[in-house]
Amino acid sequence: MEKTSVSQTLSIDFNKNITFLKSLFQGCEDIIFESYQFGADYEQEAVVVYCTSIIQNEKQNLLKMALQDLVSERLSPGIPLTSHDVQHFFLRRGVTERPVKTPHTLKDVSEQIMTGHIIILFDGWNQALSYNSYSVEKRSVAEPQNEMVVTGPREGTIENLTKNIGLIRARLKSSDLKIHYKNAGKRTRTRWAYGYLAGTCDKDMLKEFEKRIEKIASEEILETSYIAELIEDSTLTPFPQFRITERPDVAAAALLQGKIIVMVEGTGTIVICPGMFHEFFQSASDYYQRSTFSSLIRQLRIAGFILSLTLPSIYIALTTFHAELIPTVLLIAILDTREGIPFPAVIEALIMIFFFELLQEAGIRLPKPIGSTVSIVGALIIGEASINAGIASPIMVVVIGLTGIASFSIPQYDFGFAARIIRLPFMILAATLGGFGLLIGFILLFLHLSKLKVMNQSYLGALNLNNTVILRDGLMRLTLKKLLKGPGKKNMFKTRS
Amino acid sequence: MFINRKIFISLLCLGLLTGCWDQAELPDYGFVQSIAIEYKKDRFKLTTQFYKPAAKIASSGGGSDVSFLNIATEGDTVFEAIRDITTHLGRKATWGHMRFILIDEKTAKKVPLNEVLEFFYRDHEPRILTGIALTKGEAPKYLKTKPHVENTISQQLNEISKAAGEHSGKTYPATLFTLGKQMLSEVGIAYVPYIKEEKTAKDSVVVAGLAVLKDGKLKKIFTPQETKYLMIGLNELKGAIIEVPCGKDAKDKAETFEVVTSSTNWKMHTSKNQIQYDGKVEMKVSIGELRCSSALDSTQIEKLNNRVAAVIEMKLSQLLKKTQKERLDVLGVGNELYRHKTKKWQSIKQDWDKLYPKVKFNVDTKVNIINSGIDSGEPFKVGG
């Protein structure tokens with residue numbers, strides 16, 4: 001028997017097709033082959049092939065349904081039903097129940113089986129019927145855990161691409177919202193989509209984006225962050241260059257601002273591209289609360305970021321190099337606590353940060369009931385016990401505690417990583433060079449940030465003095481009256497013609 | 001590119017790792033709180049007070065309640081004596097947090113303070129705003145006093161001299177800065193608080209007036225009461241109580257007024273052989289205690305105003321006369337001359353000691369009672 005390859009078209013020989021498919025799916029026990037006889041004397045044969053694990057809750061007995069259509073055409077018994085009739089009927093008339101495709105090649109057939117189609121092969125017909133019956137258990141729409149708002153929509157994305165797009169489409173009822181589907185890789189065959197608002201999204205940026213995703217067409221993708229990491233400008237920087245959200249309202253706002261969004265089947269994460277430095281301090285709730293409050297909260301977050309970045313290093317620099325800068329009364333308090341601690345301030349700080357990060361990592365992994373135990377034990381270890389044991393001083397616990405809490409004040413969890421990473425070299429610099437070292441650290445940090453590009457745009461772009469964005473919607477959040485009025489760049493939802 | 005990176009990293013190491021030389025942890029330092037300086041038998045005797053940190057590890061108990069330690073060293077110069085501290089303590093003395101310098105009366109009479117304090121003006125660690133005072137008797141014994149509330153006596157001394165200046169006008173809160181500035185002035189008169197131990201109570205240090213230095217040496221000590229009026233003269237009064245005697249009918253009684261604001265302006269009139277110095281004191285006071293007068297209507301208030309003004313005028317004039325006798329230009333008339341009549345000053349600078357007693361002082365005082373307190377403007381009465 002000659003070898004059948006996957007690229008071949010379906011053979012007119014029914015058994016050959018079945019044999020091939022059976023050998024292809026050998027060992028895949030969730031692929032079901034069901035054969036049916038039909039016709040006046042059950043002389044005709046058909047085989048239904050489907051992957052049972054991805055067509056849950058769907059009707060599988062489509063053949064009967066399809067044939068019922070046929071039967072209504074040919075009522076009189078005794079007239080034999082030939083395969084020709086079947087072909088003719090399906091090609092001409094189609095089916096009533098649901099859209100159907102008629103794949104020609106073995107490749108199409110096998111792919112469609114794997115993407116949740118029910119395939120019906122008829123004897124003596126070199127085409128197959130293919131019904132899309134993809135259905136996997138999914139969550140219902142719920143509020144995203146890490147993007148809670150006090151007031152505002154409580155909808156979050158789920159693991160279903162179509163539904164997620166629907167959630168966004170429901171907010172942007174415009175033909176300008178373009179959605180393009182892509183299929184990634186060879187094995188995952190992940191369906192993913194990117195969308196933008198035509199007329200608002202910068203054309204050059206869109207071209208650049210499309211150029212980059214072309215390069216990754218053959219990569220396997222399981223989550224949206226795969227795409228983000230594969231197409232981002234600089235992978236090694238601790239600063240994220242794309243925003244991540246699970247809120248359709250945030251995605252809609254981003255689209256209105258001219259961003260590109262990327263979504264992947266099987267995950268709720270939406271990547272907003274590009275993400276500028278100042279945007280990581282913005283949160284959805286900023287726009288749902290009063291602007292004065294939002295402005296203050298933004299400044300609090302920025303202060304939190306700076307604290308989280310520099311507090312331990314400032315403490316180290318002050319205590320090891322610039323003791324004269326500490327007010328005397330505070331110094332006396334610090335002296336009392338530091339006496340008897342065997343480690344230099346920098347080692348003490350590193351130990352405590354290590355404890356803190358360890359607890360944080362453990363806290364994410366642990367199931368909820370045990371999680372609270374960890375936090376209690378952790379608080380004791382970090383707080384009381386390490387002080388009593390003489391490993392750390394109370395003031396260091398205050399410093400590290402404040403540093404840790406401050407990094408959580410940033411709405412984008414990713415962005416907090418940057419502070420958590422850069423903190424460490426800053427501490428080393430502070431321990432070796434004091435305030436001068438911090439100065440060097442800041443200069444290097446600013447050099448890095450100003451060199452950083454996102455989709456060929458400057459990461460710090462909004463900090464440009466000619467650009468009023470940083471004042472209007474960065475450090476402050478002006479009233480919506482001001483943010484939504486006016487032409488061009490002054491409008492938050494700018495429209496480019 | 002790779003080579004460049006190598007060079008960059010080695011440059012970075014070169015730049016960054018060289019900083020370690022002056023790195024020191026807090027426990028490596030001894031923090032000087034205050035220093036007492038004496039000059040005996042041609043040698044400087046230093047008593048340096050360090051803060052003694054009490055490790056507050058809960059399991060190890062409270063530790064000792066004394067939070068300071070004194071180290072005595074001596075040398076031909078102040079710096080030599082300071083260097084010897086390391087041999088006693090084993091920690092590097094750091095001067096950035098020194099609160100107070102004490103110098104005893106005898107030393108201040110013998111050695112000019114600018115020589116004693118030269119190190120503290122020159123070195124980069126001590127702060128220019130460090131407080132300073134002269135002590136009655138030996139200076140080191142003041143450092144052994146237990147503080148009342150503060151952590152160390154040094155802090156307490158600093159607070160005392162500040163608070164006494166701020167609220168009672170009974171001293172001038174001198175710092176290395178004010179002292180240096182005044183010593184550099186033309187007449188070279190400088191003011192330093194004078195502190196003494198109260199004999200009746202243990203561990204009690206009080207501010208007992210103001211020491212006046214001329215050319216760095218102690219010349220005169222004013223009583224707290226005199227200091228108050230000197231402060232009015234210097235326009236340095238921040239807050240004080242003015243006592244006004246009741247008058248002929250009740251000689252042992254007095255009423256008190258609290259100074260709210262006080263300002264003094266001096267104007268100089270010079271002729272060929274006469275220097276006239278006219279002062280205008282304007283003061284807003286509130287009634288503190290009334291015992292023999294009332295301030296119920298404007299005439300009564302006016303009367304009271306005048307009585308307070310008269311007291312201030314009298315006391316200030318008395319004080320100035322006294323200083324003319326002692327030839328101490330406490331108000332700095334010479335400085336004022338230098339400022340406005342520089343040539344004339346240069347010609348008479350040598351003879352200023354003789355000329356100063358001839359300066360004619362006029363004091364004109366205006367007092368305004370602005371507040372009678374919660375009760376009405378008459379003495380608190382018993383019965384109807």
# chains A, B, ... in the order shown; residues from 1 in each chain; ligands from 1
$ residues_around --residues "Glu255 in chain B" --least-positions-apart "3" --cutoff "12 Å" --atoms "only C-alpha atoms" --output "ChimeraX atom specification"
/B:241-247,250-252,258,286-294,304,307-308,311,378-379
$ write_last_selection --atoms "C-alpha atoms" --output "compact mmCIF listing (two decimals), in the first residue's frame"
# COMPACT_ATOMS: atom_id res chain seq x y z
CA ILE B 241 7.98 88.50 81.56
CA ILE B 242 8.23 92.14 82.64
CA GLU B 243 7.74 92.74 86.35
CA VAL B 244 6.24 96.05 87.29
CA PRO B 245 6.28 97.11 90.98
CA CYS B 246 2.94 98.21 92.39
CA GLY B 247 4.25 101.54 93.56
CA ALA B 250 2.44 98.33 98.22
CA LYS B 251 6.17 98.17 97.83
CA ASP B 252 6.58 94.42 98.00
CA GLU B 258 4.08 88.95 79.11
CA SER B 286 -0.46 90.97 77.43
CA ILE B 287 -1.44 91.09 81.05
CA GLY B 288 -0.03 88.22 83.06
CA GLU B 289 -1.05 89.03 86.61
CA LEU B 290 -2.79 92.08 88.04
CA ARG B 291 -2.64 92.78 91.77
CA CYS B 292 -3.08 96.48 92.32
CA SER B 293 -4.33 98.13 89.18
CA SER B 294 -7.11 97.81 86.68
CA LEU B 304 -0.58 100.85 82.79
CA ARG B 307 4.07 102.24 83.96
CA VAL B 308 5.45 99.28 82.04
CA VAL B 311 10.16 100.26 84.11
CA GLU B 378 -8.99 93.97 86.86
CA PRO B 379 -7.49 91.89 89.68
$ interface_residues --of "chain A" --to "chain B" --cutoff "10 Å" --atoms "only C-alpha atoms" --output "compact mmCIF listing (two decimals) with all heavy atoms, in the first residue's frame"
# COMPACT_ATOMS: atom_id res chain seq x y z
N ILE A 316 20.80 53.07 53.61
CA ILE A 316 22.18 52.55 53.68
C ILE A 316 23.18 53.70 53.50
O ILE A 316 24.14 53.83 54.26
CB ILE A 316 22.39 51.48 52.60
CG1 ILE A 316 21.59 50.23 52.96
CG2 ILE A 316 23.87 51.12 52.48
CD1 ILE A 316 21.47 49.25 51.84
N ALA A 317 22.91 54.55 52.52
CA ALA A 317 23.84 55.67 52.26
C ALA A 317 23.93 56.58 53.48
O ALA A 317 25.01 56.98 53.89
CB ALA A 317 23.38 56.46 51.04
N LEU A 318 22.78 56.87 54.08
CA LEU A 318 22.79 57.78 55.23
C LEU A 318 23.52 57.17 56.41
O LEU A 318 24.33 57.83 57.06
CB LEU A 318 21.36 58.13 55.64
CG LEU A 318 20.63 59.15 54.78
CD1 LEU A 318 19.27 59.45 55.35
CD2 LEU A 318 21.43 60.44 54.68
N THR A 319 23.27 55.90 56.69
CA THR A 319 23.86 55.34 57.90
C THR A 319 25.33 54.96 57.71
O THR A 319 26.07 54.92 58.68
CB THR A 319 23.10 54.10 58.40
OG1 THR A 319 23.03 53.16 57.34
CG2 THR A 319 21.71 54.47 58.87
N THR A 320 25.76 54.67 56.47
CA THR A 320 27.15 54.27 56.33
C THR A 320 28.06 55.42 55.89
O THR A 320 29.26 55.34 56.06
CB THR A 320 27.32 53.11 55.33
OG1 THR A 320 26.55 53.39 54.20
CG2 THR A 320 26.88 51.81 55.94
N PHE A 321 27.50 56.46 55.30
CA PHE A 321 28.37 57.54 54.83
C PHE A 321 28.01 58.91 55.38
O PHE A 321 28.86 59.74 55.57
CB PHE A 321 28.36 57.61 53.29
CG PHE A 321 29.14 56.53 52.64
CD1 PHE A 321 28.52 55.37 52.25
CD2 PHE A 321 30.50 56.67 52.44
CE1 PHE A 321 29.25 54.35 51.66
CE2 PHE A 321 31.23 55.66 51.85
CZ PHE A 321 30.61 54.49 51.46
N HIS A 322 26.72 59.13 55.57
CA HIS A 322 26.31 60.49 55.87
C HIS A 322 25.54 60.57 57.18
O HIS A 322 24.43 61.08 57.23
CB HIS A 322 25.46 61.06 54.75
CG HIS A 322 25.99 60.73 53.39
ND1 HIS A 322 27.17 61.28 52.93
CD2 HIS A 322 25.55 59.93 52.41
CE1 HIS A 322 27.40 60.81 51.71
NE2 HIS A 322 26.44 59.99 51.38
N ALA A 323 26.11 60.01 58.24
CA ALA A 323 25.40 59.98 59.52
C ALA A 323 25.06 61.39 59.99
O ALA A 323 24.11 61.60 60.71
CB ALA A 323 26.23 59.27 60.57
N GLU A 324 25.86 62.38 59.53
CA GLU A 324 25.60 63.74 59.98
C GLU A 324 24.32 64.32 59.38
O GLU A 324 23.82 65.33 59.85
CB GLU A 324 26.79 64.65 59.66
CG GLU A 324 27.07 64.87 58.19
CD GLU A 324 27.92 63.75 57.58
OE1 GLU A 324 28.19 62.75 58.28
OE2 GLU A 324 28.29 63.85 56.40
N LEU A 325 23.78 63.65 58.35
CA LEU A 325 22.56 64.16 57.73
C LEU A 325 21.31 63.72 58.46
O LEU A 325 20.23 64.24 58.22
CB LEU A 325 22.48 63.69 56.28
CG LEU A 325 23.35 64.44 55.29
CD1 LEU A 325 23.18 63.86 53.90
CD2 LEU A 325 23.00 65.90 55.28
N ILE A 326 21.44 62.75 59.36
CA ILE A 326 20.26 62.29 60.09
C ILE A 326 20.05 63.23 61.27
O ILE A 326 20.99 63.54 61.98
CB ILE A 326 20.48 60.85 60.60
CG1 ILE A 326 20.94 59.96 59.45
CG2 ILE A 326 19.22 60.30 61.23
CD1 ILE A 326 21.38 58.59 59.88
N PRO A 327 18.83 63.71 61.48
CA PRO A 327 18.59 64.55 62.65
C PRO A 327 19.02 63.84 63.94
O PRO A 327 18.80 62.63 64.07
CB PRO A 327 17.08 64.75 62.63
CG PRO A 327 16.67 64.50 61.23
CD PRO A 327 17.64 63.52 60.67
N THR A 328 19.63 64.58 64.84
CA THR A 328 20.27 63.95 66.00
C THR A 328 19.33 63.05 66.79
O THR A 328 19.71 61.94 67.16
CB THR A 328 20.83 65.04 66.93
OG1 THR A 328 21.69 65.86 66.17
CG2 THR A 328 21.59 64.41 68.08
N VAL A 329 18.11 63.52 67.00
CA VAL A 329 17.20 62.72 67.83
C VAL A 329 16.90 61.40 67.14
O VAL A 329 16.88 60.33 67.77
CB VAL A 329 15.92 63.51 68.12
CG1 VAL A 329 14.97 62.69 68.95
CG2 VAL A 329 16.26 64.81 68.84
N LEU A 331 18.83 59.97 64.93
CA LEU A 331 20.07 59.21 64.91
C LEU A 331 20.23 58.43 66.21
O LEU A 331 20.61 57.26 66.20
CB LEU A 331 21.27 60.15 64.73
CG LEU A 331 22.59 59.39 64.75
CD1 LEU A 331 22.92 58.85 63.39
CD2 LEU A 331 23.71 60.23 65.28
N ILE A 332 19.91 59.10 67.33
CA ILE A 332 20.04 58.43 68.62
C ILE A 332 19.11 57.22 68.67
O ILE A 332 19.51 56.14 69.11
CB ILE A 332 19.74 59.44 69.74
CG1 ILE A 332 20.97 60.34 69.93
CG2 ILE A 332 19.39 58.74 71.04
CD1 ILE A 332 20.80 61.43 70.94
N ALA A 333 17.90 57.39 68.13
CA ALA A 333 16.97 56.26 68.09
C ALA A 333 17.53 55.14 67.23
O ALA A 333 17.46 53.96 67.59
CB ALA A 333 15.63 56.72 67.56
N ILE A 334 18.12 55.50 66.09
CA ILE A 334 18.68 54.48 65.19
C ILE A 334 19.88 53.81 65.84
O ILE A 334 20.05 52.59 65.77
CB ILE A 334 19.07 55.10 63.83
CG1 ILE A 334 17.83 55.61 63.11
CG2 ILE A 334 19.77 54.08 62.95
CD1 ILE A 334 18.13 56.32 61.81
N LEU A 335 20.71 54.62 66.51
CA LEU A 335 21.90 54.06 67.17
C LEU A 335 21.51 52.97 68.15
O LEU A 335 22.13 51.92 68.21
CB LEU A 335 22.63 55.17 67.93
CG LEU A 335 23.56 56.07 67.15
CD1 LEU A 335 24.18 57.09 68.07
CD2 LEU A 335 24.62 55.25 66.47
N ASP A 336 20.46 53.27 68.94
CA ASP A 336 20.03 52.28 69.93
C ASP A 336 19.64 50.97 69.27
O ASP A 336 19.93 49.89 69.78
CB ASP A 336 18.81 52.83 70.70
CG ASP A 336 19.24 53.85 71.74
OD1 ASP A 336 20.44 53.89 72.05
OD2 ASP A 336 18.38 54.61 72.22
N THR A 337 18.97 51.08 68.09
CA THR A 337 18.50 49.85 67.48
C THR A 337 19.61 49.14 66.71
O THR A 337 19.59 47.93 66.58
CB THR A 337 17.34 50.14 66.51
OG1 THR A 337 17.82 51.00 65.49
CG2 THR A 337 16.20 50.81 67.22
N ARG A 338 20.56 49.92 66.20
CA ARG A 338 21.61 49.29 65.39
C ARG A 338 22.67 48.61 66.24
O ARG A 338 23.38 47.72 65.78
CB ARG A 338 22.28 50.34 64.49
CG ARG A 338 21.49 50.73 63.29
CD ARG A 338 21.52 49.67 62.21
NE ARG A 338 22.77 49.65 61.46
CZ ARG A 338 23.45 48.56 61.24
NH1 ARG A 338 23.04 47.41 61.71
NH2 ARG A 338 24.56 48.60 60.54
N GLU A 339 22.78 49.07 67.49
CA GLU A 339 23.82 48.52 68.37
C GLU A 339 23.55 47.03 68.58
O GLU A 339 22.43 46.64 68.90
CB GLU A 339 23.81 49.26 69.70
CG GLU A 339 25.04 49.05 70.53
CD GLU A 339 26.30 49.61 69.88
OE1 GLU A 339 26.18 50.62 69.18
OE2 GLU A 339 27.37 49.02 70.08
N GLY A 340 24.55 46.23 68.37
CA GLY A 340 24.39 44.80 68.61
C GLY A 340 23.92 44.04 67.39
O GLY A 340 23.74 42.83 67.45
N ILE A 341 23.71 44.70 66.27
CA ILE A 341 23.41 43.99 65.02
C ILE A 341 24.74 43.64 64.38
O ILE A 341 25.58 44.51 64.15
CB ILE A 341 22.59 44.87 64.06
CG1 ILE A 341 21.33 45.39 64.73
CG2 ILE A 341 22.27 44.11 62.79
CD1 ILE A 341 20.34 44.34 65.11
N PRO A 342 24.98 42.35 64.12
CA PRO A 342 26.31 41.96 63.68
C PRO A 342 26.64 42.33 62.23
O PRO A 342 27.78 42.27 61.83
CB PRO A 342 26.31 40.45 63.85
CG PRO A 342 24.88 40.07 63.76
CD PRO A 342 24.08 41.21 64.28
N PHE A 343 25.61 42.68 61.42
CA PHE A 343 25.86 42.87 59.99
C PHE A 343 25.95 44.34 59.64
O PHE A 343 25.33 45.17 60.28
CB PHE A 343 24.73 42.25 59.17
CG PHE A 343 24.47 40.83 59.50
CD1 PHE A 343 23.29 40.47 60.12
CD2 PHE A 343 25.41 39.86 59.21
CE1 PHE A 343 23.04 39.15 60.44
CE2 PHE A 343 25.15 38.53 59.52
CZ PHE A 343 23.97 38.18 60.14
N PRO A 344 26.69 44.64 58.57
CA PRO A 344 26.63 46.00 58.03
C PRO A 344 25.21 46.27 57.52
O PRO A 344 24.47 45.33 57.20
CB PRO A 344 27.60 45.98 56.86
CG PRO A 344 28.38 44.74 56.98
CD PRO A 344 27.62 43.79 57.83
N ALA A 345 24.88 47.56 57.42
CA ALA A 345 23.52 47.92 57.04
C ALA A 345 23.10 47.28 55.72
O ALA A 345 21.96 46.83 55.57
CB ALA A 345 23.40 49.44 56.95
N VAL A 346 24.04 47.19 54.77
CA VAL A 346 23.66 46.68 53.45
C VAL A 346 23.33 45.18 53.52
O VAL A 346 22.36 44.72 52.93
CB VAL A 346 24.75 46.98 52.39
CG1 VAL A 346 26.07 46.39 52.76
CG2 VAL A 346 24.31 46.49 51.03
N GLU A 384 8.95 40.62 64.54
CA GLU A 384 9.41 40.35 65.89
C GLU A 384 10.67 39.49 65.95
O GLU A 384 11.69 39.90 66.50
CB GLU A 384 8.29 39.65 66.66
CG GLU A 384 7.25 40.60 67.17
CD GLU A 384 7.81 41.56 68.19
OE1 GLU A 384 8.38 41.13 69.19
OE2 GLU A 384 7.70 42.77 67.92
N ILE A 387 14.09 40.68 64.88
CA ILE A 387 14.59 41.73 65.77
C ILE A 387 15.11 41.12 67.07
O ILE A 387 16.21 41.40 67.53
CB ILE A 387 13.48 42.76 66.07
CG1 ILE A 387 13.12 43.51 64.80
CG2 ILE A 387 13.93 43.73 67.15
CD1 ILE A 387 11.92 44.38 64.93
N ASN A 388 14.27 40.22 67.62
CA ASN A 388 14.68 39.58 68.87
C ASN A 388 15.94 38.76 68.71
O ASN A 388 16.76 38.67 69.61
CB ASN A 388 13.55 38.70 69.40
CG ASN A 388 12.45 39.53 70.01
OD1 ASN A 388 12.66 40.70 70.31
ND2 ASN A 388 11.29 38.95 70.17
N ALA A 389 16.07 38.15 67.54
CA ALA A 389 17.25 37.31 67.31
C ALA A 389 18.48 38.15 67.01
O ALA A 389 19.57 37.61 66.90
CB ALA A 389 16.97 36.36 66.15
N GLY A 390 18.29 39.43 66.85
CA GLY A 390 19.45 40.30 66.62
C GLY A 390 19.94 40.28 65.19
O GLY A 390 21.07 40.63 64.91
N SER A 393 17.45 45.29 62.72
CA SER A 393 17.03 46.32 63.65
C SER A 393 15.60 46.75 63.31
O SER A 393 15.19 46.65 62.17
CB SER A 393 17.98 47.50 63.57
OG SER A 393 18.03 47.99 62.25
N PRO A 394 14.87 47.23 64.31
CA PRO A 394 13.49 47.64 64.03
C PRO A 394 13.40 48.67 62.91
O PRO A 394 12.49 48.61 62.10
CB PRO A 394 13.03 48.25 65.36
CG PRO A 394 13.91 47.65 66.38
CD PRO A 394 15.21 47.36 65.73
N ILE A 428 23.76 48.34 46.43
CA ILE A 428 25.20 48.09 46.35
C ILE A 428 25.93 49.42 46.16
O ILE A 428 26.94 49.70 46.81
CB ILE A 428 25.53 47.12 45.19
CG1 ILE A 428 24.71 45.85 45.30
CG2 ILE A 428 27.02 46.83 45.14
CD1 ILE A 428 25.08 44.93 46.41
N LEU A 429 25.40 50.24 45.24
CA LEU A 429 26.02 51.54 44.99
C LEU A 429 26.03 52.38 46.26
O LEU A 429 27.03 53.02 46.59
CB LEU A 429 25.26 52.28 43.90
CG LEU A 429 25.58 51.87 42.46
CD1 LEU A 429 24.61 52.52 41.51
CD2 LEU A 429 27.00 52.28 42.12
N ALA A 430 24.92 52.36 46.98
CA ALA A 430 24.83 53.17 48.21
C ALA A 430 25.82 52.65 49.24
O ALA A 430 26.40 53.42 49.99
CB ALA A 430 23.41 53.14 48.76
N ALA A 431 26.02 51.33 49.26
CA ALA A 431 26.91 50.77 50.27
C ALA A 431 28.37 51.03 49.94
O ALA A 431 29.22 51.02 50.82
CB ALA A 431 26.66 49.27 50.41
N THR A 432 28.68 51.21 48.65
CA THR A 432 30.08 51.44 48.31
C THR A 432 30.41 52.92 48.17
O THR A 432 31.51 53.34 48.48
CB THR A 432 30.45 50.74 46.99
OG1 THR A 432 29.48 51.12 46.01
CG2 THR A 432 30.44 49.25 47.15
N LEU A 433 29.47 53.72 47.69
CA LEU A 433 29.78 55.12 47.41
C LEU A 433 28.85 56.10 48.11
O LEU A 433 28.97 57.31 47.91
CB LEU A 433 29.72 55.37 45.90
CG LEU A 433 30.95 54.99 45.10
CD1 LEU A 433 30.71 55.26 43.64
CD2 LEU A 433 32.16 55.78 45.56
N GLY A 434 27.90 55.62 48.84
CA GLY A 434 27.01 56.53 49.55
C GLY A 434 26.13 57.33 48.60
O GLY A 434 25.70 56.84 47.56
N PHE A 436 26.88 59.65 46.63
CA PHE A 436 27.50 59.78 45.32
C PHE A 436 27.14 58.59 44.45
O PHE A 436 26.83 58.72 43.26
CB PHE A 436 29.01 59.92 45.50
CG PHE A 436 29.76 60.08 44.21
CD1 PHE A 436 29.50 61.16 43.38
CD2 PHE A 436 30.73 59.16 43.85
CE1 PHE A 436 30.19 61.31 42.20
CE2 PHE A 436 31.42 59.31 42.67
CZ PHE A 436 31.15 60.38 41.84
N GLY A 437 27.14 57.41 45.07
CA GLY A 437 26.77 56.20 44.35
C GLY A 437 25.33 56.25 43.88
O GLY A 437 25.01 55.84 42.76
N ILE A 440 25.16 58.29 40.87
CA ILE A 440 25.59 57.53 39.69
C ILE A 440 24.49 56.59 39.24
O ILE A 440 24.16 56.49 38.06
CB ILE A 440 26.89 56.74 40.01
CG1 ILE A 440 28.03 57.72 40.20
CG2 ILE A 440 27.19 55.75 38.91
CD1 ILE A 440 29.31 57.06 40.65
$ closest_residue --among "B:Pro357, B:Gly90, B:Thr261, B:Phe79" --to "Glu166 in chain B" --atoms "only C-alpha atoms"
B:Thr261
$ atom_distance --atom1 "CA of Lys144 in chain B" --atom2 "CA of Asp203 in chain B"
8.6 Å
$ atom_distance --atom1 "CA of Gln360 in chain A" --atom2 "CA of Val374 in chain A"
9.4 Å
$ residues_around --residues "Asp364 in chain B" --least-positions-apart "4" --cutoff "7 Å" --atoms "only C-alpha atoms" --output "list in words"
Gly279, Lys280, Val281 and Glu313 of chain B
$ residues_around --residues "Ile37 in chain B" --least-positions-apart "3" --cutoff "10 Å" --atoms "only C-alpha atoms" --output "short mmCIF file (atom, residue, chain, number, x, y, z; two decimals) with N, CA and C atoms, in the first residue's frame"
data_model
loop_
_atom_site.label_atom_id
_atom_site.label_comp_id
_atom_site.auth_asym_id
_atom_site.auth_seq_id
_atom_site.Cartn_x
_atom_site.Cartn_y
_atom_site.Cartn_z
N SER B 34 28.78 66.14 73.48
CA SER B 34 29.23 67.46 73.91
C SER B 34 30.66 67.35 74.41
N LYS B 40 44.25 73.99 82.15
CA LYS B 40 44.87 73.95 83.47
C LYS B 40 46.33 73.65 83.29
N PHE B 44 45.42 71.65 77.77
CA PHE B 44 43.98 71.57 77.59
C PHE B 44 43.47 70.25 78.12
N LYS B 45 42.44 70.33 78.96
CA LYS B 45 41.83 69.09 79.46
C LYS B 45 40.44 68.99 78.84
N LEU B 46 40.25 67.92 78.14
CA LEU B 46 38.97 67.73 77.45
C LEU B 46 38.17 66.63 78.12
N THR B 47 36.91 66.87 78.31
CA THR B 47 36.01 65.79 78.70
C THR B 47 34.97 65.68 77.60
N THR B 48 34.99 64.54 76.92
CA THR B 48 34.11 64.38 75.77
C THR B 48 33.00 63.41 76.14
N ALA B 72 37.96 61.48 79.42
CA ALA B 72 38.80 62.64 79.69
C ALA B 72 40.15 62.43 79.02
N GLU B 74 43.87 64.78 77.65
CA GLU B 74 44.50 66.10 77.71
C GLU B 74 45.68 66.19 76.75
N VAL B 78 44.08 71.50 71.64
CA VAL B 78 42.78 70.83 71.68
C VAL B 78 42.78 69.61 70.76
N ILE B 101 29.07 72.80 73.62
CA ILE B 101 30.45 72.95 74.07
C ILE B 101 30.41 73.71 75.40
N LEU B 102 31.09 73.17 76.40
CA LEU B 102 31.14 73.83 77.70
C LEU B 102 32.57 74.28 77.95
N ILE B 103 32.71 75.51 78.41
CA ILE B 103 34.04 76.00 78.75
C ILE B 103 33.93 76.61 80.13
N ASP B 104 34.88 76.32 81.00
CA ASP B 104 34.70 76.85 82.34
C ASP B 104 35.16 78.31 82.42
N THR B 107 38.96 79.24 82.48
CA THR B 107 39.59 79.13 81.15
C THR B 107 39.23 80.34 80.30
N ALA B 108 37.93 80.70 80.34
CA ALA B 108 37.48 81.81 79.50
C ALA B 108 38.13 83.12 79.89
N VAL B 116 40.73 78.66 71.76
CA VAL B 116 40.23 77.37 72.28
C VAL B 116 39.41 76.66 71.21
N LEU B 117 38.61 77.42 70.52
CA LEU B 117 37.64 76.81 69.62
C LEU B 117 38.11 76.70 68.17
N LEU B 134 29.39 79.03 78.99
CA LEU B 134 30.42 79.04 80.03
C LEU B 134 29.81 78.47 81.29
N GLU B 138 34.12 73.97 87.57
CA GLU B 138 34.72 73.08 86.57
C GLU B 138 33.68 72.59 85.57
N ALA B 139 34.05 72.58 84.32
CA ALA B 139 33.10 72.19 83.28
C ALA B 139 32.76 70.70 83.27
N PRO B 140 33.75 69.81 83.49
CA PRO B 140 33.43 68.37 83.33
C PRO B 140 32.31 67.88 84.25
#
$ select_by_dssp --residues "range 83-201 of chain B" --states "strand (DSSP E or B)" --output "list in words"
Lys92, Ala93, Thr94, Phe100, Ile101, Leu102, Ile103, Asp104, Gly131, Ile132, Ala133, Leu134, Thr135, Thr175, Ile189, Ala190, Tyr191, Val192, Pro193, Tyr194, Ile195, Lys196 and Glu197 of chain B
$ select_by_dssp --residues "range 67-261 of chain A" --states "helix (DSSP H, G or I)" --output "JSON, numbers by chain"
{"A": [67, 68, 69, 70, 71, 72, 73, 83, 84, 85, 86, 87, 88, 89, 90, 91, 92, 93, 106, 107, 108, 109, 110, 111, 112, 113, 114, 161, 162, 163, 164, 165, 166, 167, 168, 169, 203, 204, 205, 206, 207, 208, 209, 210, 211, 212, 213, 214, 215, 224, 225, 226, 227, 228, 229, 230, 231, 248, 249, 250, 251, 252, 253, 254, 255, 256]}
